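Source file data.cif; content: mmCIF, C-alpha atoms.
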data_query
loop_
_atom_site.group_PDB
_atom_site.id
_atom_site.type_symbol
_atom_site.label_atom_id
_atom_site.label_comp_id
_atom_site.auth_asym_id
_atom_site.auth_seq_id
_atom_site.Cartn_x
_atom_site.Cartn_y
_atom_site.Cartn_z
ATOM 1 C CA MET K 1 1.793 -38.297 46.575
ATOM 2 C CA PHE K 2 1.118 -35.832 43.763
ATOM 3 C CA SER K 3 -2.464 -34.974 44.770
ATOM 4 C CA ARG K 4 -1.469 -31.370 45.572
ATOM 5 C CA LYS K 5 1.132 -30.991 42.872
ATOM 6 C CA THR K 6 0.948 -29.812 39.274
ATOM 7 C CA VAL K 7 3.063 -31.291 36.537
ATOM 8 C CA LYS K 8 4.458 -28.782 34.030
ATOM 9 C CA LEU K 9 6.336 -29.655 30.871
ATOM 10 C CA LEU K 10 8.707 -26.976 29.639
ATOM 11 C CA CYS K 11 10.219 -27.640 26.266
ATOM 12 C CA GLY K 12 13.446 -26.052 25.145
ATOM 13 C CA LEU K 13 14.965 -26.067 21.707
ATOM 14 C CA ALA K 14 18.535 -26.594 22.802
ATOM 15 C CA GLY K 15 19.475 -30.020 21.536
ATOM 16 C CA GLY K 16 15.805 -30.832 21.080
ATOM 17 C CA SER K 17 15.543 -31.554 24.805
ATOM 18 C CA ALA K 18 12.578 -31.223 27.120
ATOM 19 C CA VAL K 19 12.637 -30.423 30.826
ATOM 20 C CA LEU K 20 10.014 -31.917 33.125
ATOM 21 C CA VAL K 21 9.383 -29.803 36.212
ATOM 22 C CA PHE K 22 7.202 -30.678 39.182
ATOM 23 C CA ALA K 23 5.720 -27.712 41.011
ATOM 24 C CA ASP K 24 3.156 -27.605 43.800
ATOM 25 C CA SER K 25 0.546 -24.939 44.461
ATOM 26 C CA ARG K 26 2.966 -22.911 46.632
ATOM 27 C CA GLY K 27 5.604 -22.466 43.988
ATOM 28 C CA TYR K 28 8.656 -24.242 42.684
ATOM 29 C CA LEU K 29 9.443 -27.322 44.824
ATOM 30 C CA GLY K 30 7.736 -25.975 47.910
ATOM 31 C CA GLU K 31 9.185 -22.462 47.907
ATOM 32 C CA PRO K 32 6.948 -19.402 48.399
ATOM 33 C CA ARG K 33 5.235 -18.404 45.150
ATOM 34 C CA GLU K 34 6.797 -14.893 44.963
ATOM 35 C CA GLU K 35 10.317 -16.214 45.454
ATOM 36 C CA SER K 36 9.666 -18.889 42.872
ATOM 37 C CA ARG K 37 8.471 -16.267 40.398
ATOM 38 C CA ARG K 38 11.631 -14.176 40.831
ATOM 39 C CA ALA K 39 14.021 -17.084 40.538
ATOM 40 C CA ARG K 40 12.202 -18.998 37.813
ATOM 41 C CA TRP K 41 14.541 -18.523 34.863
ATOM 42 C CA SER K 42 17.765 -18.532 36.868
ATOM 43 C CA ARG K 43 17.116 -22.149 37.851
ATOM 44 C CA PHE K 44 16.666 -23.448 34.303
ATOM 45 C CA PRO K 45 19.984 -23.015 32.502
ATOM 46 C CA VAL K 46 18.854 -25.425 29.807
ATOM 47 C CA LEU K 47 15.870 -23.259 28.977
ATOM 48 C CA GLN K 48 17.992 -20.114 29.091
ATOM 49 C CA ALA K 49 20.355 -21.686 26.597
ATOM 50 C CA ALA K 50 17.435 -22.398 24.305
ATOM 51 C CA GLN K 51 16.605 -18.699 24.045
ATOM 52 C CA PRO K 52 18.576 -16.720 21.445
ATOM 53 C CA ALA K 53 20.850 -14.128 22.957
ATOM 54 C CA TRP K 54 19.334 -10.646 22.646
ATOM 55 C CA THR K 55 21.510 -7.740 21.642
ATOM 56 C CA PRO K 56 20.469 -4.392 20.149
ATOM 57 C CA GLY K 57 22.526 -5.146 17.077
ATOM 58 C CA SER K 58 20.750 -8.419 16.355
ATOM 59 C CA HIS K 59 17.225 -6.984 16.653
ATOM 60 C CA THR K 60 17.481 -3.408 15.401
ATOM 61 C CA PRO K 61 16.709 -2.925 11.690
ATOM 62 C CA THR K 62 19.416 -1.125 9.797
ATOM 63 C CA PRO K 63 18.787 1.456 7.052
ATOM 64 C CA THR K 64 19.345 0.306 3.503
ATOM 65 C CA GLY K 65 21.335 3.421 2.738
ATOM 66 C CA HIS K 66 18.852 4.691 0.164
ATOM 67 C CA ALA K 67 17.846 8.212 1.132
ATOM 68 C CA TRP K 68 14.469 9.655 0.193
ATOM 69 C CA ASP K 69 14.652 11.494 -3.101
ATOM 70 C CA PHE K 70 12.653 14.704 -2.599
ATOM 71 C CA ASN K 71 12.926 15.464 -6.297
ATOM 72 C CA TRP K 72 11.429 12.141 -7.364
ATOM 73 C CA ASP K 73 8.813 13.887 -9.504
ATOM 74 C CA LYS K 74 11.283 16.482 -10.878
ATOM 75 C CA ARG K 75 9.126 19.246 -9.388
ATOM 76 C CA ASP K 76 11.171 20.192 -6.341
ATOM 77 C CA PRO K 77 11.309 24.012 -6.547
ATOM 78 C CA SER K 78 14.596 24.097 -4.633
ATOM 79 C CA VAL K 79 16.345 22.362 -7.506
ATOM 80 C CA LEU K 80 17.029 24.333 -10.662
ATOM 81 C CA SER K 81 16.898 22.794 -14.099
ATOM 82 C CA ASN K 82 20.689 22.512 -14.139
ATOM 83 C CA GLY K 83 20.669 20.560 -10.907
ATOM 84 C CA LYS K 84 22.128 23.332 -8.746
ATOM 85 C CA LYS K 85 20.545 24.441 -5.515
ATOM 86 C CA GLU K 86 19.099 27.906 -5.226
ATOM 87 C CA SER K 87 21.039 30.411 -3.198
ATOM 88 C CA SER K 88 20.183 30.433 0.494
ATOM 89 C CA THR K 89 20.111 34.229 0.360
ATOM 90 C CA GLU K 90 17.026 34.294 -1.850
ATOM 91 C CA ASP K 91 14.300 36.598 -0.599
ATOM 92 C CA PRO K 92 11.447 34.404 0.709
ATOM 93 C CA SER K 93 8.992 36.678 -1.030
ATOM 94 C CA SER K 94 10.747 36.289 -4.351
ATOM 95 C CA GLU K 95 9.299 34.676 -7.444
ATOM 96 C CA GLN K 96 11.108 31.443 -6.629
ATOM 97 C CA ASP K 97 9.447 31.252 -3.218
ATOM 98 C CA ASN K 98 6.049 31.919 -4.729
ATOM 99 C CA SER K 99 6.566 28.984 -7.069
ATOM 100 C CA LYS K 100 6.675 26.495 -4.200
ATOM 101 C CA PRO K 101 3.710 24.094 -3.951
ATOM 102 C CA LYS K 102 1.398 24.753 -1.010
ATOM 103 C CA ALA K 103 -1.414 22.227 -1.463
ATOM 104 C CA THR K 104 -1.608 18.497 -0.797
ATOM 105 C CA ARG K 105 -2.814 16.093 -3.465
ATOM 106 C CA ASN K 106 -4.909 13.090 -2.457
ATOM 107 C CA ILE K 107 -5.165 10.402 -5.117
ATOM 108 C CA LEU K 108 -7.684 7.614 -4.606
ATOM 109 C CA LEU K 109 -6.892 4.658 -6.855
ATOM 110 C CA ILE K 110 -9.845 2.340 -7.404
ATOM 111 C CA ARG K 111 -9.496 -1.126 -8.849
ATOM 112 C CA HIS K 112 -12.300 -1.995 -11.263
ATOM 113 C CA SER K 113 -15.024 -4.388 -10.106
ATOM 114 C CA GLN K 114 -15.355 -8.077 -10.976
ATOM 115 C CA TYR K 115 -15.756 -8.648 -14.706
ATOM 116 C CA ASN K 116 -16.501 -11.386 -17.236
ATOM 117 C CA LEU K 117 -13.262 -13.357 -17.488
ATOM 118 C CA SER K 118 -14.549 -15.480 -20.354
ATOM 119 C CA GLY K 119 -14.755 -12.500 -22.716
ATOM 120 C CA THR K 120 -12.373 -12.696 -25.667
ATOM 121 C CA THR K 121 -12.335 -8.952 -26.399
ATOM 122 C CA ASP K 122 -12.286 -5.910 -24.176
ATOM 123 C CA LYS K 123 -15.888 -5.061 -25.092
ATOM 124 C CA GLU K 124 -16.975 -8.484 -23.860
ATOM 125 C CA ARG K 125 -15.155 -8.137 -20.554
ATOM 126 C CA ILE K 126 -17.889 -6.146 -18.892
ATOM 127 C CA LEU K 127 -18.834 -6.248 -15.216
ATOM 128 C CA THR K 128 -20.667 -9.226 -13.791
ATOM 129 C CA PRO K 129 -23.824 -8.652 -11.725
ATOM 130 C CA LEU K 130 -21.650 -8.969 -8.617
ATOM 131 C CA GLY K 131 -19.163 -6.528 -10.134
ATOM 132 C CA ARG K 132 -21.885 -3.946 -10.570
ATOM 133 C CA GLU K 133 -22.860 -4.427 -6.926
ATOM 134 C CA GLN K 134 -19.243 -3.891 -5.912
ATOM 135 C CA ALA K 135 -19.097 -0.635 -7.857
ATOM 136 C CA GLU K 136 -22.230 0.523 -6.054
ATOM 137 C CA PHE K 137 -20.570 -0.157 -2.694
ATOM 138 C CA THR K 138 -17.430 1.704 -3.772
ATOM 139 C CA GLY K 139 -19.457 4.684 -4.947
ATOM 140 C CA GLN K 140 -21.347 4.771 -1.663
ATOM 141 C CA ARG K 141 -18.102 4.606 0.282
ATOM 142 C CA LEU K 142 -16.516 7.471 -1.645
ATOM 143 C CA ALA K 143 -19.633 9.583 -1.155
ATOM 144 C CA ALA K 144 -19.711 8.778 2.568
ATOM 145 C CA LEU K 145 -16.161 10.107 2.992
ATOM 146 C CA GLY K 146 -17.600 13.566 2.374
ATOM 147 C CA LEU K 147 -14.667 14.794 0.312
ATOM 148 C CA LYS K 148 -14.790 17.408 -2.416
ATOM 149 C CA TYR K 149 -13.594 15.436 -5.418
ATOM 150 C CA ASP K 150 -12.047 17.334 -8.297
ATOM 151 C CA VAL K 151 -12.151 14.748 -11.065
ATOM 152 C CA LEU K 152 -12.856 11.065 -11.752
ATOM 153 C CA ILE K 153 -10.343 9.681 -14.242
ATOM 154 C CA HIS K 154 -10.675 6.148 -15.544
ATOM 155 C CA SER K 155 -8.976 3.660 -17.834
ATOM 156 C CA SER K 156 -10.597 3.377 -21.245
ATOM 157 C CA MET K 157 -10.998 -0.396 -20.855
ATOM 158 C CA ALA K 158 -14.619 -1.562 -20.580
ATOM 159 C CA ARG K 159 -14.464 -2.890 -17.013
ATOM 160 C CA ALA K 160 -12.873 0.288 -15.653
ATOM 161 C CA THR K 161 -15.189 2.556 -17.645
ATOM 162 C CA GLU K 162 -18.296 0.768 -16.382
ATOM 163 C CA THR K 163 -17.005 0.832 -12.802
ATOM 164 C CA ALA K 164 -16.370 4.580 -13.044
ATOM 165 C CA GLN K 165 -19.811 5.247 -14.509
ATOM 166 C CA ILE K 166 -21.522 3.466 -11.619
ATOM 167 C CA ILE K 167 -19.371 5.284 -9.060
ATOM 168 C CA SER K 168 -20.125 8.637 -10.679
ATOM 169 C CA LYS K 169 -23.817 8.259 -9.822
ATOM 170 C CA TYR K 170 -22.872 8.881 -6.198
ATOM 171 C CA LEU K 171 -20.623 11.853 -6.997
ATOM 172 C CA PRO K 172 -22.784 14.356 -8.887
ATOM 173 C CA GLY K 173 -20.913 17.205 -10.498
ATOM 174 C CA VAL K 174 -17.577 15.357 -10.693
ATOM 175 C CA ASP K 175 -16.256 15.217 -14.266
ATOM 176 C CA LEU K 176 -15.503 11.848 -15.871
ATOM 177 C CA VAL K 177 -12.296 11.678 -17.914
ATOM 178 C CA SER K 178 -11.154 8.632 -19.917
ATOM 179 C CA CYS K 179 -7.455 7.871 -20.377
ATOM 180 C CA ASP K 180 -5.821 5.214 -22.578
ATOM 181 C CA MET K 181 -2.570 5.401 -20.617
ATOM 182 C CA LEU K 182 -4.263 3.769 -17.610
ATOM 183 C CA ARG K 183 -5.154 0.566 -19.450
ATOM 184 C CA GLU K 184 -4.034 -2.698 -17.861
ATOM 185 C CA GLY K 185 -0.636 -4.099 -18.731
ATOM 186 C CA ALA K 186 2.624 -5.570 -17.466
ATOM 187 C CA PRO K 187 4.658 -2.680 -16.007
ATOM 188 C CA ILE K 188 7.951 -4.436 -15.309
ATOM 189 C CA GLN K 189 9.189 -7.991 -14.856
ATOM 190 C CA PRO K 190 8.263 -8.977 -11.304
ATOM 191 C CA VAL K 191 10.778 -10.213 -8.753
ATOM 192 C CA PRO K 192 10.620 -13.012 -7.780
ATOM 193 C CA PRO K 193 9.869 -14.011 -11.377
ATOM 194 C CA VAL K 194 6.823 -15.968 -12.478
ATOM 195 C CA THR K 195 7.052 -18.404 -15.384
ATOM 196 C CA HIS K 196 3.476 -17.882 -16.563
ATOM 197 C CA TRP K 197 3.828 -14.135 -17.111
ATOM 198 C CA LYS K 198 4.588 -12.070 -20.205
ATOM 199 C CA PRO K 199 7.408 -11.999 -22.783
ATOM 200 C CA ASP K 200 9.966 -9.196 -22.642
ATOM 201 C CA ALA K 201 8.363 -7.333 -25.543
ATOM 202 C CA VAL K 202 5.169 -6.854 -23.533
ATOM 203 C CA TYR K 203 7.034 -5.345 -20.591
ATOM 204 C CA HIS K 204 8.921 -3.088 -22.978
ATOM 205 C CA GLU K 205 5.728 -1.676 -24.459
ATOM 206 C CA ASP K 206 3.396 -1.683 -21.453
ATOM 207 C CA GLY K 207 6.070 -0.545 -19.036
ATOM 208 C CA ALA K 208 6.772 2.676 -20.911
ATOM 209 C CA ARG K 209 3.070 3.526 -21.096
ATOM 210 C CA ILE K 210 2.357 2.794 -17.418
ATOM 211 C CA GLU K 211 5.430 4.738 -16.336
ATOM 212 C CA ALA K 212 4.228 7.669 -18.453
ATOM 213 C CA ALA K 213 0.844 7.435 -16.702
ATOM 214 C CA PHE K 214 2.589 7.501 -13.334
ATOM 215 C CA ARG K 215 4.472 10.662 -14.276
ATOM 216 C CA ARG K 216 1.301 12.323 -15.513
ATOM 217 C CA TYR K 217 -0.869 11.618 -12.480
ATOM 218 C CA ILE K 218 1.407 10.969 -9.485
ATOM 219 C CA HIS K 219 3.287 14.128 -8.512
ATOM 220 C CA ARG K 220 3.102 17.006 -6.064
ATOM 221 C CA ALA K 221 0.664 19.867 -6.594
ATOM 222 C CA ASP K 222 1.280 22.662 -9.033
ATOM 223 C CA PRO K 223 2.333 25.924 -7.309
ATOM 224 C CA LYS K 224 -0.837 27.572 -8.636
ATOM 225 C CA GLN K 225 -3.007 25.094 -6.713
ATOM 226 C CA LYS K 226 -4.189 26.801 -3.548
ATOM 227 C CA GLU K 227 -6.381 24.134 -1.934
ATOM 228 C CA ASP K 228 -5.913 20.445 -1.232
ATOM 229 C CA SER K 229 -7.303 18.228 -3.978
ATOM 230 C CA TYR K 230 -8.993 14.840 -4.099
ATOM 231 C CA GLU K 231 -8.759 12.948 -7.371
ATOM 232 C CA ILE K 232 -10.179 9.523 -8.172
ATOM 233 C CA ILE K 233 -8.520 7.196 -10.677
ATOM 234 C CA VAL K 234 -10.343 3.997 -11.633
ATOM 235 C CA CYS K 235 -7.967 1.548 -13.290
ATOM 236 C CA HIS K 236 -6.358 -1.866 -12.807
ATOM 237 C CA ALA K 237 -4.462 -3.915 -10.239
ATOM 238 C CA ASN K 238 -1.119 -3.963 -12.041
ATOM 239 C CA VAL K 239 -1.211 -0.233 -12.656
ATOM 240 C CA ILE K 240 -2.140 0.574 -9.058
ATOM 241 C CA ARG K 241 0.490 -1.724 -7.557
ATOM 242 C CA TYR K 242 3.172 -0.247 -9.774
ATOM 243 C CA PHE K 243 2.069 3.302 -8.858
ATOM 244 C CA VAL K 244 2.307 2.459 -5.156
ATOM 245 C CA CYS K 245 5.834 1.057 -5.473
ATOM 246 C CA ARG K 246 7.018 4.051 -7.491
ATOM 247 C CA ALA K 247 5.373 6.637 -5.249
ATOM 248 C CA LEU K 248 6.847 5.136 -2.077
ATOM 249 C CA GLN K 249 10.242 4.697 -3.759
ATOM 250 C CA PHE K 250 10.077 0.949 -3.233
ATOM 251 C CA PRO K 251 11.654 -1.356 -5.848
ATOM 252 C CA PRO K 252 9.069 -1.278 -8.667
ATOM 253 C CA GLU K 253 9.737 -4.912 -9.523
ATOM 254 C CA GLY K 254 8.010 -5.832 -6.243
ATOM 255 C CA TRP K 255 4.575 -4.823 -7.536
ATOM 256 C CA LEU K 256 3.310 -8.417 -7.897
ATOM 257 C CA ARG K 257 3.867 -9.116 -4.192
ATOM 258 C CA MET K 258 0.699 -7.169 -3.349
ATOM 259 C CA GLY K 259 -2.915 -8.160 -3.908
ATOM 260 C CA LEU K 260 -5.954 -5.925 -4.471
ATOM 261 C CA ASN K 261 -9.635 -6.799 -4.212
ATOM 262 C CA ASN K 262 -12.114 -5.699 -6.842
ATOM 263 C CA GLY K 263 -13.562 -2.265 -6.155
ATOM 264 C CA SER K 264 -10.977 -1.577 -3.447
ATOM 265 C CA ILE K 265 -9.604 1.867 -2.573
ATOM 266 C CA THR K 266 -5.899 2.720 -2.394
ATOM 267 C CA TRP K 267 -5.238 6.235 -1.087
ATOM 268 C CA ILE K 268 -1.975 8.070 -1.741
ATOM 269 C CA THR K 269 -1.194 11.490 -0.259
ATOM 270 C CA ILE K 270 1.492 13.744 -1.756
ATOM 271 C CA ARG K 271 2.656 16.707 0.340
ATOM 272 C CA PRO K 272 4.025 19.959 -1.094
ATOM 273 C CA SER K 273 7.482 18.931 0.151
ATOM 274 C CA GLY K 274 7.393 15.804 -1.982
ATOM 275 C CA ARG K 275 6.741 13.460 0.908
ATOM 276 C CA VAL K 276 4.394 10.612 0.058
ATOM 277 C CA ALA K 277 2.164 8.590 2.378
ATOM 278 C CA LEU K 278 0.046 5.518 1.710
ATOM 279 C CA ARG K 279 -3.142 5.989 3.726
ATOM 280 C CA THR K 280 -4.857 2.804 2.601
ATOM 281 C CA LEU K 281 -3.919 -0.098 0.345
ATOM 282 C CA GLY K 282 -6.713 -2.096 -1.268
ATOM 283 C CA ASP K 283 -9.362 -1.160 1.290
ATOM 284 C CA SER K 284 -12.560 -3.149 0.701
ATOM 285 C CA GLY K 285 -13.781 -3.361 4.278
ATOM 286 C CA PHE K 286 -16.862 -1.346 3.362
ATOM 287 C CA MET K 287 -18.230 -4.313 1.365
ATOM 288 C CA PRO K 288 -20.071 -7.276 2.861
ATOM 289 C CA VAL K 289 -17.667 -10.180 3.108
ATOM 290 C CA ASP K 290 -19.681 -12.279 0.643
ATOM 291 C CA LYS K 291 -19.278 -9.549 -1.988
ATOM 292 C CA VAL K 292 -15.466 -9.408 -1.871
ATOM 293 C CA THR K 293 -13.536 -10.901 -4.801
ATOM 294 C CA ARG K 294 -10.094 -10.642 -6.343
ATOM 295 C CA THR K 295 -10.315 -11.496 -10.051
#
Starting from the file, lay out its structure as structure tokens.
Amino acid sequence: MFSRKTVKLLCGLAGGSAVLVFADSRGYLGEPREESRRARWSRFPVLQAAQPAWTPGSHTPTPTGHAWDFNWDKRDPSVLSNGKKESSTEDPSSEQDNSKPKATRNILLIRHSQYNLSGTTDKERILTPLGREQAEFTGQRLAALGLKYDVLIHSSMARATETAQIISKYLPGVDLVSCDMLREGAPIQPVPPVTHWKPDAVYHEDGARIEAAFRRYIHRADPKQKEDSYEIIVCHANVIRYFVCRALQFPPEGWLRMGLNNGSITWITIRPSGRVALRTLGDSGFMPVDKVTRT
């Protein structure tokens, strides 16, 4: 009897019920296929009931109410030191207009490569053989981008210093600069909290230093800068994740919700207007899959 018929089981979520429908090759219960296709859902009220009602209000995201702060780096030329706006009648060719930034800053944040986790001191926490390979891949990738890099800044910790030195082999002529402010630390208590993390005193000390590093390195271009710049900063996962949250004006306590592979590239662009864009986050796709780690 059912030699020419197909059995279809359609399951709905309304009341946990299931609807068993028999349909032959012509359509639903012998009707022409096209008519069956048009009338399909209208004949299954149970299944329709199982689908949540769609309304624009229930599916459209709503703004949080937090507007973008264009003076986030305290370098917006349209805001005077006393917080008042400049007069709209200012001559565009005036000194104030000439003080407006015109260049875009590109900041490439590199997480150090894999290192010796069993080391008890910073000097012992040097790169593993795999970590040195990862740094080679990162250096090759940065060179392949064909950008004119202005400087290569790195944390003074051993693993970041060694990573930067390997990368620099592929970027001849780019100055290496060490910075203690970029050392690894705990920037702010993460939310949701983790019980195995640091005591409040550590956040209090590290947080101030990492925030100071953010203010030093993450800001719009100086008005005297005429051309776009490309700066490399080799540091640590916590520092980079905190920088990303702060630059995008996301809650900084969300930094631990992101993960970064060793030797990965995070690219932040800062426009003269103060707009910030995240071009890549933790890119390590240039490495062979068997060379990728996150330690």
Requested in this report: Please return, as a list in words, all polymer residues that have at least one atom within 9 Å of the point (8.5, 25.0, -5.5); use all atoms listed in the file and the file's own coordinate frame.
Outcome: Arg75, Asp76, Pro77, Ser78, Val79, Gln96, Asp97, Asn98, Ser99, Lys100, Pro101, Lys102, Asp222, Pro223, Pro272 and Ser273 of chain K
Report summary line: Of K:Glu253, K:Ile126, K:Arg220, K:Glu162, the one sitting nearest K:Tyr203 when using all atoms listed in the file is K:Glu253
Can you tell me, as an mmCIF file with C-alpha atoms, keeping the file's coordinate frame, what residues are no more than 12 Å from K:Phe286 when counting all atoms listed in the file, ignoring any on the same chain fewer than 5 positions away?
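As written to disk, out-v2.cif reads:
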data_model
loop_
_atom_site.group_PDB
_atom_site.id
_atom_site.type_symbol
_atom_site.label_atom_id
_atom_site.label_comp_id
_atom_site.auth_asym_id
_atom_site.auth_seq_id
_atom_site.Cartn_x
_atom_site.Cartn_y
_atom_site.Cartn_z
ATOM 1 C CA GLN K 134 -19.243 -3.891 -5.912
ATOM 2 C CA ALA K 135 -19.097 -0.635 -7.857
ATOM 3 C CA GLU K 136 -22.230 0.523 -6.054
ATOM 4 C CA PHE K 137 -20.570 -0.157 -2.694
ATOM 5 C CA THR K 138 -17.430 1.704 -3.772
ATOM 6 C CA GLY K 139 -19.457 4.684 -4.947
ATOM 7 C CA GLN K 140 -21.347 4.771 -1.663
ATOM 8 C CA ARG K 141 -18.102 4.606 0.282
ATOM 9 C CA LEU K 142 -16.516 7.471 -1.645
ATOM 10 C CA ALA K 144 -19.711 8.778 2.568
ATOM 11 C CA LEU K 145 -16.161 10.107 2.992
ATOM 12 C CA ASN K 261 -9.635 -6.799 -4.212
ATOM 13 C CA GLY K 263 -13.562 -2.265 -6.155
ATOM 14 C CA SER K 264 -10.977 -1.577 -3.447
ATOM 15 C CA ILE K 265 -9.604 1.867 -2.573
ATOM 16 C CA LYS K 291 -19.278 -9.549 -1.988
ATOM 17 C CA VAL K 292 -15.466 -9.408 -1.871
#
Report task. Run the PyMOL selection byres ((chain K and resi 226) around 6) on the file and write out the hits as number ranges by chain. Result -> K: 103, 225, 227
Report task. On this file, the PyMOL selection byres ((chain K and resi 215) around 12) gives some set of residues; write that set as a list in words. Result ->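 So the PyMOL selection byres ((chain K and resi 215) around 12) ends up selecting Trp72, Asp73, Lys74, Arg75, Met181, Leu182, Ala208, Arg209, Ile210, Glu211, Ala212, Ala213, Phe214, Arg216, Tyr217, Ile218, His219, Arg220, Tyr242, Phe243, Arg246 and Ala247 of chain K.
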Since I can't run it myself right now, could you work out what the PyMOL selection byres ((chain K and resi 156) around 10) selects here and report it as a compact mmCIF listing (two decimals) with C-alpha atoms, keeping the file's coordinate frame?
# COMPACT_ATOMS: atom_id res chain seq x y z
CA ASP K 122 -12.29 -5.91 -24.18
CA ILE K 153 -10.34 9.68 -14.24
CA HIS K 154 -10.68 6.15 -15.54
CA SER K 155 -8.98 3.66 -17.83
CA MET K 157 -11.00 -0.40 -20.86
CA ALA K 158 -14.62 -1.56 -20.58
CA ARG K 159 -14.46 -2.89 -17.01
CA ALA K 160 -12.87 0.29 -15.65
CA THR K 161 -15.19 2.56 -17.64
CA GLU K 162 -18.30 0.77 -16.38
CA VAL K 177 -12.30 11.68 -17.91
CA SER K 178 -11.15 8.63 -19.92
CA CYS K 179 -7.46 7.87 -20.38
CA ASP K 180 -5.82 5.21 -22.58
CA MET K 181 -2.57 5.40 -20.62
CA LEU K 182 -4.26 3.77 -17.61
CA ARG K 183 -5.15 0.57 -19.45
CA GLU K 184 -4.03 -2.70 -17.86
CA VAL K 234 -10.34 4.00 -11.63
CA CYS K 235 -7.97 1.55 -13.29
Query raised in the report: What would the list of residues within 12 Å of (14.7, 0.9, 0.1) (file frame) look like as a list in words, if all atoms listed in the file are what count?
Result: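 So the residues meeting the distance criterion are Thr62, Pro63, Thr64, Gly65, His66, Ala67, Trp68, Asp69, Cys245, Arg246, Leu248, Gln249, Phe250, Pro251, Pro252 and Gly254 of chain K.
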Only N, CA and C atoms, as an mmCIF file, in the first residue's frame: that is what I want for stretch 244-259 of chain K.
data_model
loop_
_atom_site.group_PDB
_atom_site.id
_atom_site.type_symbol
_atom_site.label_atom_id
_atom_site.label_comp_id
_atom_site.auth_asym_id
_atom_site.auth_seq_id
_atom_site.Cartn_x
_atom_site.Cartn_y
_atom_site.Cartn_z
ATOM 1 N N VAL K 244 42.733 45.648 24.013
ATOM 2 C CA VAL K 244 41.632 45.526 23.055
ATOM 3 C C VAL K 244 40.322 46.007 23.678
ATOM 4 N N CYS K 245 40.035 45.557 24.891
ATOM 5 C CA CYS K 245 38.803 45.988 25.564
ATOM 6 C C CYS K 245 38.777 47.497 25.741
ATOM 7 N N ARG K 246 39.866 48.066 26.190
ATOM 8 C CA ARG K 246 39.923 49.516 26.422
ATOM 9 C C ARG K 246 39.804 50.300 25.122
ATOM 10 N N ALA K 247 40.497 49.847 24.088
ATOM 11 C CA ALA K 247 40.486 50.575 22.820
ATOM 12 C C ALA K 247 39.109 50.563 22.163
ATOM 13 N N LEU K 248 38.395 49.458 22.297
ATOM 14 C CA LEU K 248 37.065 49.340 21.698
ATOM 15 C C LEU K 248 35.964 49.848 22.623
ATOM 16 N N GLN K 249 36.355 50.335 23.790
ATOM 17 C CA GLN K 249 35.414 50.839 24.793
ATOM 18 C C GLN K 249 34.446 49.752 25.241
ATOM 19 N N PHE K 250 34.960 48.518 25.288
ATOM 20 C CA PHE K 250 34.232 47.410 25.888
ATOM 21 C C PHE K 250 34.545 47.380 27.382
ATOM 22 N N PRO K 251 33.702 46.747 28.199
ATOM 23 C CA PRO K 251 34.019 46.636 29.628
ATOM 24 C C PRO K 251 35.380 45.968 29.817
ATOM 25 N N PRO K 252 36.339 46.637 30.427
ATOM 26 C CA PRO K 252 37.687 46.059 30.550
ATOM 27 C C PRO K 252 37.733 44.785 31.366
ATOM 28 N N GLU K 253 36.744 44.594 32.240
ATOM 29 C CA GLU K 253 36.744 43.377 33.060
ATOM 30 C C GLU K 253 36.415 42.124 32.237
ATOM 31 N N GLY K 254 36.100 42.299 30.962
ATOM 32 C CA GLY K 254 35.817 41.157 30.094
ATOM 33 C C GLY K 254 37.048 40.606 29.391
ATOM 34 N N TRP K 255 38.228 41.086 29.754
ATOM 35 C CA TRP K 255 39.447 40.705 29.041
ATOM 36 C C TRP K 255 39.731 39.206 29.051
ATOM 37 N N LEU K 256 39.345 38.493 30.124
ATOM 38 C CA LEU K 256 39.668 37.076 30.235
ATOM 39 C C LEU K 256 38.740 36.201 29.390
ATOM 40 N N ARG K 257 37.748 36.788 28.763
ATOM 41 C CA ARG K 257 36.826 36.014 27.929
ATOM 42 C C ARG K 257 37.418 35.721 26.549
ATOM 43 N N MET K 258 38.548 36.304 26.246
ATOM 44 C CA MET K 258 39.211 36.087 24.955
ATOM 45 C C MET K 258 40.432 35.191 25.134
ATOM 46 N N GLY K 259 40.802 34.503 24.077
ATOM 47 C CA GLY K 259 42.004 33.678 24.093
ATOM 48 C C GLY K 259 42.920 34.062 22.942
#
